[in-house]
file target-v2.txt (compact mmCIF, C-alpha atoms and all ligand atoms)
# COMPACT_ATOMS: atom_id res chain seq x y z
CA MET R 1 16.10 -11.74 -4.15
CA LYS R 2 13.42 -10.71 -6.66
CA ALA R 3 11.74 -13.40 -8.74
CA VAL R 4 8.69 -13.79 -10.95
CA VAL R 5 6.12 -16.06 -9.31
CA TYR R 6 2.64 -17.32 -10.18
CA ARG R 7 0.34 -18.63 -7.42
CA SER R 8 -2.54 -19.57 -9.73
CA TYR R 9 -2.92 -20.57 -13.37
CA GLY R 10 -4.25 -18.14 -15.92
CA ALA R 11 -3.51 -15.12 -18.12
CA PRO R 12 -0.24 -13.15 -17.67
CA ASP R 13 -1.85 -11.06 -14.87
CA VAL R 14 -1.12 -14.00 -12.54
CA LEU R 15 2.60 -13.17 -12.74
CA LYS R 16 3.91 -11.12 -9.83
CA ILE R 17 7.32 -10.06 -8.58
CA GLU R 18 8.04 -11.31 -5.05
CA GLU R 19 10.98 -11.39 -2.68
CA VAL R 20 12.01 -15.03 -2.39
CA GLU R 21 14.93 -16.77 -0.75
CA LYS R 22 18.19 -16.54 -2.69
CA PRO R 23 19.34 -20.06 -3.66
CA ALA R 24 22.34 -21.44 -1.81
CA VAL R 25 25.22 -22.75 -3.88
CA THR R 26 25.33 -26.54 -3.76
CA GLU R 27 28.53 -28.61 -3.63
CA ASN R 28 28.42 -29.31 -7.38
CA GLY R 29 26.56 -26.10 -8.29
CA VAL R 30 27.35 -22.74 -9.82
CA LEU R 31 25.49 -19.79 -8.33
CA VAL R 32 24.80 -17.31 -11.13
CA ARG R 33 23.77 -13.71 -10.78
CA VAL R 34 21.27 -13.45 -13.63
CA TYR R 35 21.59 -10.39 -15.87
CA ALA R 36 19.01 -11.46 -18.46
CA SER R 37 16.53 -14.21 -19.28
CA SER R 38 14.17 -14.81 -22.20
CA VAL R 39 10.61 -16.05 -22.54
CA ASN R 40 9.53 -19.24 -24.31
CA PRO R 41 6.19 -20.92 -25.03
CA ALA R 42 7.00 -23.53 -22.34
CA GLU R 43 6.63 -20.84 -19.68
CA TRP R 44 3.44 -19.62 -21.30
CA TYR R 45 2.00 -23.16 -21.10
CA SER R 46 3.07 -23.51 -17.44
CA MET R 47 1.44 -20.19 -16.60
CA ALA R 48 -1.76 -21.04 -18.50
CA GLY R 49 -1.90 -24.43 -16.73
CA LEU R 50 -2.52 -26.98 -19.49
CA LEU R 51 -4.89 -29.60 -18.09
CA ILE R 52 -2.69 -32.48 -19.26
CA ALA R 53 0.31 -31.10 -17.35
CA ARG R 54 -1.51 -30.44 -14.07
CA ALA R 55 -1.09 -34.01 -12.80
CA SER R 56 2.57 -33.17 -12.26
CA SER R 57 2.54 -29.36 -12.01
CA GLY R 58 -0.34 -29.15 -9.51
CA LEU R 59 -4.04 -29.79 -10.10
CA PHE R 60 -5.51 -26.47 -8.92
CA THR R 61 -2.49 -24.28 -8.19
CA PRO R 62 1.13 -24.56 -9.35
CA LYS R 63 3.31 -26.64 -7.00
CA ASP R 64 6.37 -24.65 -8.05
CA PRO R 65 5.49 -20.96 -8.34
CA ARG R 66 8.73 -20.05 -10.16
CA LEU R 67 9.06 -19.59 -13.92
CA GLY R 68 11.82 -19.26 -16.50
CA ALA R 69 14.61 -21.36 -17.96
CA ASP R 70 17.12 -19.32 -19.99
CA PHE R 71 19.74 -17.21 -18.25
CA ALA R 72 22.92 -15.25 -18.87
CA GLY R 73 24.93 -13.66 -16.08
CA THR R 74 28.07 -13.88 -13.98
CA VAL R 75 29.23 -16.53 -11.54
CA GLU R 76 28.72 -15.36 -7.97
CA ALA R 77 30.04 -18.46 -6.18
CA VAL R 78 30.87 -22.11 -6.90
CA GLY R 79 30.44 -25.30 -4.87
CA ASN R 80 33.57 -26.96 -3.51
CA GLN R 81 33.41 -29.72 -6.16
CA VAL R 82 33.42 -27.22 -9.05
CA THR R 83 36.78 -26.53 -10.65
CA ASP R 84 35.87 -25.21 -14.09
CA PHE R 85 34.22 -21.91 -13.07
CA LYS R 86 35.19 -19.09 -10.75
CA PRO R 87 33.40 -15.99 -9.46
CA GLY R 88 33.14 -13.30 -12.11
CA ASP R 89 33.02 -15.69 -15.11
CA GLU R 90 30.42 -14.70 -17.71
CA VAL R 91 28.16 -17.68 -18.32
CA TYR R 92 24.87 -18.71 -19.90
CA GLY R 93 22.62 -21.75 -19.74
CA GLY R 94 19.33 -23.19 -18.57
CA ARG R 95 17.82 -23.62 -15.12
CA SER R 96 14.21 -23.64 -13.95
CA GLY R 97 13.24 -20.49 -12.07
CA ALA R 98 15.46 -18.25 -14.20
CA PHE R 99 13.08 -15.25 -14.10
CA ALA R 100 14.98 -14.23 -10.98
CA GLU R 101 18.10 -12.49 -9.76
CA TYR R 102 19.99 -15.73 -8.99
CA VAL R 103 19.98 -19.41 -10.00
CA ASN R 104 22.03 -22.32 -8.72
CA VAL R 105 22.81 -24.48 -11.75
CA ILE R 106 24.50 -27.87 -11.89
CA ASN R 107 25.22 -28.95 -15.46
CA ALA R 108 23.55 -26.74 -18.03
CA VAL R 109 25.95 -23.83 -17.82
CA THR R 110 28.97 -22.82 -19.85
CA ARG R 111 31.00 -19.77 -20.80
CA LYS R 112 28.87 -17.14 -22.54
CA PRO R 113 29.72 -16.21 -26.16
CA ALA R 114 32.22 -13.36 -25.81
CA ASN R 115 31.01 -11.33 -28.78
CA ILE R 116 27.39 -10.77 -27.67
CA SER R 117 25.64 -9.00 -24.79
CA PHE R 118 24.01 -10.73 -21.80
CA GLU R 119 20.60 -9.92 -23.31
CA GLN R 120 21.53 -11.60 -26.60
CA ALA R 121 23.06 -14.59 -24.78
CA ALA R 122 19.87 -15.06 -22.73
CA ALA R 123 17.94 -15.40 -26.00
CA VAL R 124 19.92 -18.49 -26.98
CA PRO R 125 19.50 -21.53 -24.68
CA THR R 126 16.00 -23.00 -25.17
CA ALA R 127 15.32 -21.78 -28.69
CA ALA R 128 18.73 -22.49 -30.21
CA ILE R 129 19.16 -25.87 -28.48
CA THR R 130 15.74 -26.87 -29.84
CA ALA R 131 16.78 -25.84 -33.35
CA LEU R 132 20.15 -27.61 -33.07
CA GLN R 133 18.91 -30.88 -31.55
CA GLY R 134 15.86 -30.95 -33.82
CA LEU R 135 17.76 -30.44 -37.07
CA ARG R 136 20.86 -32.47 -36.19
CA ASP R 137 19.53 -35.35 -34.07
CA GLN R 138 15.96 -35.75 -35.37
CA GLY R 139 16.21 -34.25 -38.86
CA LYS R 140 19.65 -35.83 -39.54
CA ILE R 141 20.31 -32.75 -41.65
CA GLN R 142 22.99 -33.09 -44.36
CA ALA R 143 24.71 -30.55 -46.59
CA GLY R 144 22.89 -30.01 -49.87
CA GLN R 145 19.51 -31.17 -48.57
CA LYS R 146 16.37 -29.15 -49.09
CA VAL R 147 15.03 -28.08 -45.68
CA LEU R 148 11.74 -26.34 -45.01
CA ILE R 149 11.28 -24.41 -41.77
CA ASN R 150 7.64 -23.73 -41.04
CA GLY R 151 7.49 -20.98 -38.40
CA ALA R 152 10.82 -19.38 -39.36
CA ALA R 153 10.24 -15.98 -37.71
CA GLY R 154 9.86 -17.04 -34.07
CA GLY R 155 12.38 -17.85 -31.36
CA VAL R 156 13.16 -21.37 -32.57
CA GLY R 157 12.74 -20.50 -36.26
CA THR R 158 15.25 -17.65 -36.40
CA PHE R 159 17.89 -20.02 -34.99
CA ALA R 160 16.76 -22.95 -37.16
CA VAL R 161 17.23 -20.97 -40.39
CA GLN R 162 20.80 -20.04 -39.43
CA ILE R 163 21.73 -23.49 -38.08
CA ALA R 164 20.33 -25.26 -41.16
CA LYS R 165 22.44 -22.93 -43.34
CA ALA R 166 25.47 -23.68 -41.16
CA PHE R 167 24.93 -27.40 -41.95
CA GLY R 168 25.03 -26.50 -45.67
CA ALA R 169 21.35 -27.06 -46.45
CA GLU R 170 19.22 -25.23 -48.99
CA VAL R 171 16.78 -23.50 -46.67
CA THR R 172 13.20 -22.36 -47.24
CA GLY R 173 11.56 -20.38 -44.45
CA VAL R 174 7.82 -19.89 -44.02
CA CYS R 175 6.60 -16.68 -42.32
CA SER R 176 4.17 -13.79 -42.77
CA THR R 177 4.80 -10.70 -44.92
CA LYS R 178 6.26 -8.54 -42.15
CA ASN R 179 9.05 -11.05 -41.48
CA VAL R 180 10.11 -11.93 -45.04
CA ASP R 181 13.10 -9.53 -45.03
CA LEU R 182 14.26 -10.79 -41.63
CA ILE R 183 14.25 -14.43 -42.75
CA ARG R 184 16.10 -13.56 -45.94
CA SER R 185 18.67 -11.59 -43.90
CA LEU R 186 19.28 -14.69 -41.77
CA GLY R 187 20.43 -16.54 -44.91
CA ALA R 188 17.33 -18.40 -46.10
CA ASP R 189 17.61 -19.28 -49.80
CA HIS R 190 13.86 -19.04 -50.30
CA VAL R 191 11.09 -17.45 -48.24
CA ILE R 192 7.42 -18.36 -48.50
CA ASP R 193 4.98 -15.72 -47.26
CA TYR R 194 2.14 -17.85 -45.90
CA THR R 195 -0.34 -14.99 -46.29
CA LYS R 196 0.18 -15.17 -50.06
CA GLU R 197 1.24 -18.74 -50.78
CA ASP R 198 0.47 -22.16 -49.29
CA PHE R 199 3.76 -24.05 -48.88
CA THR R 200 1.93 -27.37 -49.08
CA GLN R 201 0.89 -26.45 -52.65
CA SER R 202 4.36 -25.35 -53.77
CA GLY R 203 5.12 -28.49 -55.80
CA GLN R 204 8.53 -28.70 -54.04
CA ARG R 205 9.75 -31.75 -52.11
CA TYR R 206 11.87 -31.38 -48.99
CA ASP R 207 14.32 -33.78 -47.31
CA VAL R 208 13.69 -32.26 -43.88
CA LEU R 209 10.53 -30.50 -42.81
CA PHE R 210 11.10 -28.73 -39.50
CA ASP R 211 7.60 -27.92 -38.34
CA ILE R 212 7.60 -25.31 -35.61
CA ALA R 213 4.26 -23.61 -36.36
CA GLY R 214 2.24 -26.81 -36.90
CA GLY R 215 -1.43 -26.51 -37.70
CA ARG R 216 -1.55 -28.46 -40.99
CA THR R 217 -2.77 -31.99 -41.70
CA TRP R 218 -0.56 -34.96 -42.55
CA LYS R 219 -2.18 -35.09 -46.01
CA GLU R 220 -0.98 -31.52 -46.61
CA TYR R 221 2.53 -32.04 -45.21
CA LYS R 222 2.99 -35.26 -47.15
CA ARG R 223 2.63 -33.46 -50.47
CA VAL R 224 5.95 -31.64 -49.89
CA LEU R 225 7.98 -34.49 -48.37
CA SER R 226 10.47 -36.58 -50.33
CA PRO R 227 9.79 -40.34 -49.88
CA THR R 228 12.63 -40.64 -47.34
CA ALA R 229 12.18 -37.26 -45.65
CA ASN R 230 12.57 -36.60 -41.95
CA PHE R 231 9.56 -34.72 -40.68
CA VAL R 232 10.35 -33.15 -37.32
CA ILE R 233 7.46 -31.88 -35.24
CA VAL R 234 8.67 -29.15 -32.91
CA GLY R 235 5.48 -27.48 -31.72
CA GLY R 236 1.97 -26.52 -32.65
CA PRO R 237 -0.67 -23.83 -32.26
CA LYS R 238 -1.45 -22.65 -28.71
CA SER R 239 -5.22 -22.90 -29.19
CA ASN R 240 -5.80 -26.15 -27.24
CA LEU R 241 -5.61 -25.52 -23.47
CA VAL R 242 -6.29 -29.16 -22.59
CA LEU R 243 -3.52 -30.87 -24.53
CA GLY R 244 -1.50 -27.88 -25.84
CA PRO R 245 0.67 -28.76 -28.86
CA LEU R 246 0.17 -32.45 -28.00
CA SER R 247 -3.15 -32.49 -29.89
CA HIS R 248 -1.36 -31.55 -33.13
CA ILE R 249 1.49 -33.98 -32.45
CA LEU R 250 -0.87 -36.91 -31.75
CA LYS R 251 -3.00 -36.19 -34.82
CA ILE R 252 0.06 -36.18 -37.09
CA LYS R 253 1.63 -39.27 -35.47
CA LEU R 254 -1.62 -41.24 -35.86
CA THR R 255 -2.43 -40.17 -39.42
CA ALA R 256 1.18 -40.63 -40.59
CA PHE R 257 1.35 -44.20 -39.26
CA GLY R 258 3.00 -46.51 -41.83
CA ALA R 259 4.35 -43.66 -44.01
CA SER R 260 7.74 -44.04 -45.72
CA GLN R 261 8.88 -40.75 -44.13
CA LYS R 262 10.21 -40.67 -40.59
CA VAL R 263 7.96 -38.57 -38.34
CA SER R 264 9.44 -37.55 -35.01
CA PHE R 265 8.67 -35.36 -32.05
CA PHE R 266 11.24 -34.58 -29.39
CA ILE R 267 11.73 -32.50 -26.26
CA ALA R 268 14.94 -30.50 -26.33
CA LYS R 269 17.37 -30.98 -23.44
CA PHE R 270 19.87 -28.49 -22.03
CA THR R 271 23.36 -29.91 -22.31
CA ARG R 272 26.63 -28.18 -21.63
CA GLU R 273 28.02 -29.68 -24.86
CA ASP R 274 25.30 -28.15 -27.04
CA LEU R 275 25.55 -24.80 -25.25
CA ALA R 276 29.26 -24.87 -26.10
CA ILE R 277 28.58 -25.79 -29.75
CA LEU R 278 26.17 -22.86 -30.00
CA ARG R 279 28.68 -20.55 -28.34
CA ASP R 280 31.29 -21.55 -30.92
CA MET R 281 28.84 -20.94 -33.78
CA ILE R 282 27.99 -17.50 -32.35
CA GLU R 283 31.62 -16.57 -31.82
CA ALA R 284 32.42 -17.71 -35.38
CA GLY R 285 29.63 -15.43 -36.65
CA THR R 286 27.65 -18.33 -38.15
CA VAL R 287 24.70 -17.80 -35.81
CA LYS R 288 23.41 -14.56 -34.34
CA PRO R 289 20.55 -14.28 -31.84
CA VAL R 290 17.80 -11.92 -32.97
CA VAL R 291 16.21 -10.01 -30.11
CA ASP R 292 13.08 -8.13 -31.06
CA ARG R 293 11.97 -6.75 -27.68
CA THR R 294 13.47 -6.38 -24.21
CA TYR R 295 11.35 -5.93 -21.07
CA PRO R 296 12.44 -5.27 -17.48
CA LEU R 297 11.69 -8.13 -15.05
CA ASN R 298 8.73 -6.25 -13.54
CA GLU R 299 7.08 -6.23 -16.99
CA THR R 300 7.34 -10.01 -17.51
CA ALA R 301 3.54 -10.14 -17.83
CA ASP R 302 3.74 -7.81 -20.86
CA ALA R 303 6.46 -9.98 -22.38
CA MET R 304 4.25 -13.06 -21.92
CA ARG R 305 1.24 -11.24 -23.35
CA TYR R 306 3.25 -10.47 -26.49
CA LEU R 307 4.51 -14.07 -26.72
CA GLY R 308 0.93 -15.28 -26.25
CA THR R 309 -0.18 -13.58 -29.49
CA GLY R 310 1.60 -16.38 -31.36
CA HIS R 311 3.18 -13.76 -33.62
CA ALA R 312 6.10 -12.51 -31.57
CA LYS R 313 9.11 -11.91 -33.75
CA ALA R 314 12.37 -13.72 -32.93
CA LYS R 315 13.26 -13.62 -29.21
CA ILE R 316 11.84 -11.60 -26.33
CA VAL R 317 14.28 -10.91 -23.53
CA LEU R 318 13.89 -9.95 -19.87
CA LYS R 319 16.57 -7.58 -18.57
CA ILE R 320 17.16 -8.35 -14.91
CA ARG R 321 20.30 -6.38 -14.09
N1 LIG S 1 9.92 -29.68 -28.80
C1 LIG S 1 10.61 -28.84 -28.03
O1 LIG S 1 11.51 -29.24 -27.28
C2 LIG S 1 10.29 -27.38 -28.11
C3 LIG S 1 11.18 -26.42 -27.59
C4 LIG S 1 10.87 -25.08 -27.73
C5 LIG S 1 9.68 -24.69 -28.35
N2 LIG S 1 8.83 -25.66 -28.80
C6 LIG S 1 7.56 -25.30 -29.45
O2 LIG S 1 7.86 -24.68 -30.69
C7 LIG S 1 6.85 -23.74 -30.99
C8 LIG S 1 7.49 -22.40 -31.35
O3 LIG S 1 8.33 -21.93 -30.32
P1 LIG S 1 8.96 -20.48 -30.50
O4 LIG S 1 9.79 -20.20 -29.31
O5 LIG S 1 9.59 -20.34 -31.84
O6 LIG S 1 7.61 -19.61 -30.44
P2 LIG S 1 7.34 -18.14 -30.88
O7 LIG S 1 8.60 -17.36 -30.90
O8 LIG S 1 6.22 -17.64 -30.06
O9 LIG S 1 6.82 -18.29 -32.39
C9 LIG S 1 6.15 -17.23 -32.93
C10 LIG S 1 6.34 -17.25 -34.44
O10 LIG S 1 5.47 -18.20 -35.04
C11 LIG S 1 5.19 -17.75 -36.33
N3 LIG S 1 3.92 -18.26 -36.82
C12 LIG S 1 2.71 -18.17 -36.25
N4 LIG S 1 1.77 -18.75 -37.03
C13 LIG S 1 2.42 -19.22 -38.13
C14 LIG S 1 2.01 -19.93 -39.29
N5 LIG S 1 0.73 -20.27 -39.49
N6 LIG S 1 2.94 -20.26 -40.19
C15 LIG S 1 4.24 -19.94 -40.01
N7 LIG S 1 4.70 -19.24 -38.94
C16 LIG S 1 3.80 -18.91 -38.00
C17 LIG S 1 5.09 -16.24 -36.17
O11 LIG S 1 5.51 -15.65 -37.37
P3 LIG S 1 4.54 -14.64 -38.15
O12 LIG S 1 4.29 -13.50 -37.19
O13 LIG S 1 5.31 -14.29 -39.37
O14 LIG S 1 3.27 -15.41 -38.36
C18 LIG S 1 6.01 -15.90 -35.03
O15 LIG S 1 7.20 -15.27 -35.44
C19 LIG S 1 5.92 -23.69 -29.78
O16 LIG S 1 4.81 -24.53 -30.04
C20 LIG S 1 6.75 -24.29 -28.68
O17 LIG S 1 5.97 -24.89 -27.67
C21 LIG S 1 9.10 -26.98 -28.69
call {"tool": "encode", "arguments": {"input": "target-v2.txt", "output": "structure tokens", "more": "lines below"}}
Ligand SMILES: NC(=O)c1ccc[n+]([C@@H]2O[C@H](COP(=O)([O-])OP(=O)(O)OC[C@H]3O[C@@H](n4cnc5c(N)ncnc54)[C@H](OP(=O)(O)O)[C@@H]3O)[C@@H](O)[C@H]2O)c1
result
Amino acid sequence: MKAVVYRSYGAPDVLKIEEVEKPAVTENGVLVRVYASSVNPAEWYSMAGLLIARASSGLFTPKDPRLGADFAGTVEAVGNQVTDFKPGDEVYGGRSGAFAEYVNVINAVTRKPANISFEQAAAVPTAAITALQGLRDQGKIQAGQKVLINGAAGGVGTFAVQIAKAFGAEVTGVCSTKNVDLIRSLGADHVIDYTKEDFTQSGQRYDVLFDIAGGRTWKEYKRVLSPTANFVIVGGPKSNLVLGPLSHILKIKLTAFGASQKVSFFIAKFTREDLAILRDMIEAGTVKPVVDRTYPLNETADAMRYLGTGHAKAKIVLKIR
């Protein structure tokens, strides 16, 4: 089967398409024929080879040359312990190596939302699960709360705006001028254009600050937090190739030590339960994936180049079949 591989770290030119062995279905696995995937900063960091991650990913060259996580497709075969899927079922989920024609997935797979395409479904797993787990489990979001989403126009942000609204919050999204209409159309009550206004000088106080874009100091963030706010760090600027977003996270954690607000960072996890919750929200029309660009698998490098600008809009999808 065809798959995207990288044999060295570096810029998107390291990504190649190769013929690799098709995975075998395991006893408890579901073999999925992948129709679409989507790109995320995690893959960009793997490709770039952050120094801090190389202890586990391979010091000089990647130990695992495969990339990708999000997939949508159809079930090709199931292991003999699997009773809840059958060949032909339309599914979506998360599995490493998803920039490929097939994946064998154990847990993180469920029925795809029926009302959206495979391309739209492939945009959901990583970004929407991050938004859901971050707002619900870390942010402890409640109806009526004021929630600020810094970085509202990206993959995670476009889901976070919609999910925060679904929880009944009053949502403010921060993005640049070109994305103001998009964020408003996703249901944000207020939009701050960061090219014209500094959200940390707004005089507002928020109960949850969902910080996807990062890049500000604790002193600045603190100005807009209520005394009991939950400040959720999701990511940070891509500028540091040694520590990646960890440099921003560590700086905030250290400088916020002893604050009355709860400051948390988390790593989202694929779960079948959360994929099902998201499917229900999508089928109910509460959440809709926004796909800005679609690339064929053999142009994955171009998709990663666009993601690497740090200003990609919403989700970028790879069409595989
Ligand atoms: N903790 C986790 O488990 C987890 C999971 C997934 C992702 N992440 C992290 O979350 C971050 C975002 O992921 P993503 O998929 O949303 O990335 P993305 O789609 O590449 O985000 C790009 C968006 O960021 C916005 N942006 C850039 N600079 C900004 C600024 N100064 N202020 C506000 N918005 C700004 C851009 O909007 P404009 O063009 O309008 O500037 C663009 O739409 C990354 O650091 C990623 O590593 C963490």
call {"tool": "closest_atom_pairs", "arguments": {"input": "target-v2.txt", "of": "chain R", "to": "ligand LIG 1 (chain S)", "cutoff": "6 Å", "atoms": "all atoms listed in the file", "output": "CSV"}}
result
residue,atom,partner,partner_atom,distance
R:Asn40,CA,S:LIG1,O4,5.1
R:Pro41,CA,S:LIG1,O17,4.8
R:Ala42,CA,S:LIG1,O17,5.6
R:Ala127,CA,S:LIG1,C4,5.6
R:Thr130,CA,S:LIG1,C3,5.1
R:Asn150,CA,S:LIG1,C15,5.2
R:Gly151,CA,S:LIG1,N7,3.3
R:Ala153,CA,S:LIG1,O15,3.9
R:Gly154,CA,S:LIG1,O7,3.4
R:Gly155,CA,S:LIG1,O5,3.8
R:Val156,CA,S:LIG1,O5,3.8
R:Gly157,CA,S:LIG1,O5,5.4
R:Val174,CA,S:LIG1,C15,5.4
R:Cys175,CA,S:LIG1,O13,4.0
R:Ser176,CA,S:LIG1,O13,3.6
R:Asn179,CA,S:LIG1,O13,5.4
R:Ile212,CA,S:LIG1,C7,4.9
R:Ala213,CA,S:LIG1,C16,5.0
R:Val234,CA,S:LIG1,N1,4.3
R:Gly235,CA,S:LIG1,O16,3.5
R:Gly236,CA,S:LIG1,O16,4.3
R:Pro237,CA,S:LIG1,O16,6.0
R:Phe266,CA,S:LIG1,N1,5.1
R:Ile267,CA,S:LIG1,O1,3.4
R:Ala268,CA,S:LIG1,O1,3.8
R:Leu307,CA,S:LIG1,O8,5.2
R:Gly310,CA,S:LIG1,C9,4.9
R:His311,CA,S:LIG1,O12,3.7
R:Ala312,CA,S:LIG1,C18,4.8
R:Lys313,CA,S:LIG1,O15,4.2
R:Ala314,CA,S:LIG1,O7,5.6
call {"tool": "closest_residue", "arguments": {"input": "target-v2.txt", "among": "R:Thr195, R:Thr61, R:Thr309, R:Thr172", "to": "R:Ser239", "atoms": "all atoms listed in the file"}}
result
R:Thr309
call {"tool": "residues_around", "arguments": {"input": "target-v2.txt", "residues": "R:Thr228", "least_positions_apart": "5", "cutoff": "10 Å", "atoms": "all atoms listed in the file", "output": "ChimeraX atom specification"}}
result
/R:206-208,259-262
call {"tool": "write_last_selection", "arguments": {"input": "target-v2.txt", "atoms": "C-alpha atoms", "output": "PDB file, keeping the file's coordinate frame"}}
result
ATOM      1  CA  TYR R 206      11.870 -31.380 -48.990  1.00  0.00           C
ATOM      2  CA  ASP R 207      14.320 -33.780 -47.310  1.00  0.00           C
ATOM      3  CA  VAL R 208      13.690 -32.260 -43.880  1.00  0.00           C
ATOM      4  CA  ALA R 259       4.350 -43.660 -44.010  1.00  0.00           C
ATOM      5  CA  SER R 260       7.740 -44.040 -45.720  1.00  0.00           C
ATOM      6  CA  GLN R 261       8.880 -40.750 -44.130  1.00  0.00           C
ATOM      7  CA  LYS R 262      10.210 -40.670 -40.590  1.00  0.00           C
TER       8      LYS R 262
END
call {"tool": "residues_around", "arguments": {"input": "target-v2.txt", "residues": "R:Asn28", "least_positions_apart": "2", "cutoff": "9 Å", "atoms": "all atoms listed in the file", "output": "PDB file with C-alpha atoms, in the coordinates of the input"}}
result
ATOM      1  CA  VAL R  25      25.220 -22.750  -3.880  1.00  0.00           C
ATOM      2  CA  THR R  26      25.330 -26.540  -3.760  1.00  0.00           C
ATOM      3  CA  VAL R  30      27.350 -22.740  -9.820  1.00  0.00           C
ATOM      4  CA  VAL R  78      30.870 -22.110  -6.900  1.00  0.00           C
ATOM      5  CA  GLY R  79      30.440 -25.300  -4.870  1.00  0.00           C
ATOM      6  CA  ASN R  80      33.570 -26.960  -3.510  1.00  0.00           C
ATOM      7  CA  GLN R  81      33.410 -29.720  -6.160  1.00  0.00           C
ATOM      8  CA  VAL R  82      33.420 -27.220  -9.050  1.00  0.00           C
ATOM      9  CA  VAL R 105      22.810 -24.480 -11.750  1.00  0.00           C
ATOM     10  CA  ILE R 106      24.500 -27.870 -11.890  1.00  0.00           C
ATOM     11  CA  ASN R 107      25.220 -28.950 -15.460  1.00  0.00           C
TER      12      ASN R 107
END
call {"tool": "closest_residue", "arguments": {"input": "target-v2.txt", "among": "R:Val287, R:Val317, R:Ala303, R:Ala164", "to": "R:Gln142", "atoms": "all atoms listed in the file"}}
result
R:Ala164
call {"tool": "residues_around", "arguments": {"input": "target-v2.txt", "residues": "R:Asp89", "least_positions_apart": "6", "cutoff": "12 Å", "atoms": "only C-alpha atoms", "output": "PDB file with C-alpha atoms, in the frame of the given file"}}
result
ATOM      1  CA  VAL R  30      27.350 -22.740  -9.820  1.00  0.00           C
ATOM      2  CA  LEU R  31      25.490 -19.790  -8.330  1.00  0.00           C
ATOM      3  CA  VAL R  32      24.800 -17.310 -11.130  1.00  0.00           C
ATOM      4  CA  ARG R  33      23.770 -13.710 -10.780  1.00  0.00           C
ATOM      5  CA  ALA R  72      22.920 -15.250 -18.870  1.00  0.00           C
ATOM      6  CA  GLY R  73      24.930 -13.660 -16.080  1.00  0.00           C
ATOM      7  CA  THR R  74      28.070 -13.880 -13.980  1.00  0.00           C
ATOM      8  CA  VAL R  75      29.230 -16.530 -11.540  1.00  0.00           C
ATOM      9  CA  GLU R  76      28.720 -15.360  -7.970  1.00  0.00           C
ATOM     10  CA  ALA R  77      30.040 -18.460  -6.180  1.00  0.00           C
ATOM     11  CA  VAL R  78      30.870 -22.110  -6.900  1.00  0.00           C
ATOM     12  CA  VAL R 109      25.950 -23.830 -17.820  1.00  0.00           C
ATOM     13  CA  THR R 110      28.970 -22.820 -19.850  1.00  0.00           C
ATOM     14  CA  ARG R 111      31.000 -19.770 -20.800  1.00  0.00           C
ATOM     15  CA  LYS R 112      28.870 -17.140 -22.540  1.00  0.00           C
ATOM     16  CA  PRO R 113      29.720 -16.210 -26.160  1.00  0.00           C
ATOM     17  CA  ALA R 114      32.220 -13.360 -25.810  1.00  0.00           C
TER      18      ALA R 114
END
call {"tool": "atom_distance", "arguments": {"input": "target-v2.txt", "atom1": "atom CA of R:Gln145", "atom2": "atom CA of R:Phe231"}}
result
13.2 Å
call {"tool": "closest_residue", "arguments": {"input": "target-v2.txt", "among": "R:Asn298, R:Ser46, R:Thr217, R:Ser38", "to": "R:Leu241", "atoms": "all atoms listed in the file"}}
result
R:Ser46
call {"tool": "atom_distance", "arguments": {"input": "target-v2.txt", "atom1": "atom CA of R:Gly134", "atom2": "atom CA of R:Ser96"}}
result
21.2 Å
call {"tool": "closest_residue", "arguments": {"input": "target-v2.txt", "among": "R:Tyr35, R:Phe167, R:Phe159, R:Phe270", "to": "R:Gly144", "atoms": "all atoms listed in the file"}}
result
R:Phe167
call {"tool": "atom_distance", "arguments": {"input": "target-v2.txt", "atom1": "atom CA of R:Val20", "atom2": "atom CA of R:Gly97"}}
result
11.2 Å
call {"tool": "closest_residue", "arguments": {"input": "target-v2.txt", "among": "R:Ile141, R:Met281, R:Leu243, R:Ala100", "to": "R:Gln162", "atoms": "only C-alpha atoms"}}
result
R:Met281
call {"tool": "closest_residue", "arguments": {"input": "target-v2.txt", "among": "R:Val191, R:Val290, R:Ala98, R:Val263", "to": "R:Trp218", "atoms": "only C-alpha atoms"}}
result
R:Val263
call {"tool": "closest_atom_pairs", "arguments": {"input": "target-v2.txt", "of": "stretch 221-300 of chain R", "to": "stretch 1-18 of chain R", "cutoff": "10 Å", "atoms": "only C-alpha atoms", "output": "tab-separated table"}}
result
residue	atom	partner	partner_atom	distance
R:Leu297	CA	R:Val4	CA	7.6
R:Asn298	CA	R:Ile17	CA	6.4
R:Glu299	CA	R:Lys16	CA	9.2
R:Thr300	CA	R:Leu15	CA	7.4
call {"tool": "write_last_selection", "arguments": {"input": "target-v2.txt", "atoms": "C-alpha atoms", "output": "mmCIF file, keeping the file's coordinate frame"}}
result
data_model
loop_
_atom_site.group_PDB
_atom_site.id
_atom_site.type_symbol
_atom_site.label_atom_id
_atom_site.label_comp_id
_atom_site.auth_asym_id
_atom_site.auth_seq_id
_atom_site.Cartn_x
_atom_site.Cartn_y
_atom_site.Cartn_z
ATOM 1 C CA LEU R 297 11.690 -8.130 -15.050
ATOM 2 C CA ASN R 298 8.730 -6.250 -13.540
ATOM 3 C CA GLU R 299 7.080 -6.230 -16.990
ATOM 4 C CA THR R 300 7.340 -10.010 -17.510
#
call {"tool": "residues_near_point", "arguments": {"input": "target-v2.txt", "point": "(20.7, -27.6, -22.7)", "cutoff": "9 Å", "atoms": "all atoms listed in the file", "output": "list in words"}}
result
Gly93, Gly94, Asn107, Ala108, Val109, Pro125, Thr126, Ile129, Thr130, Ala268, Lys269, Phe270, Thr271, Arg272, Glu273, Asp274 and Leu275 of chain R
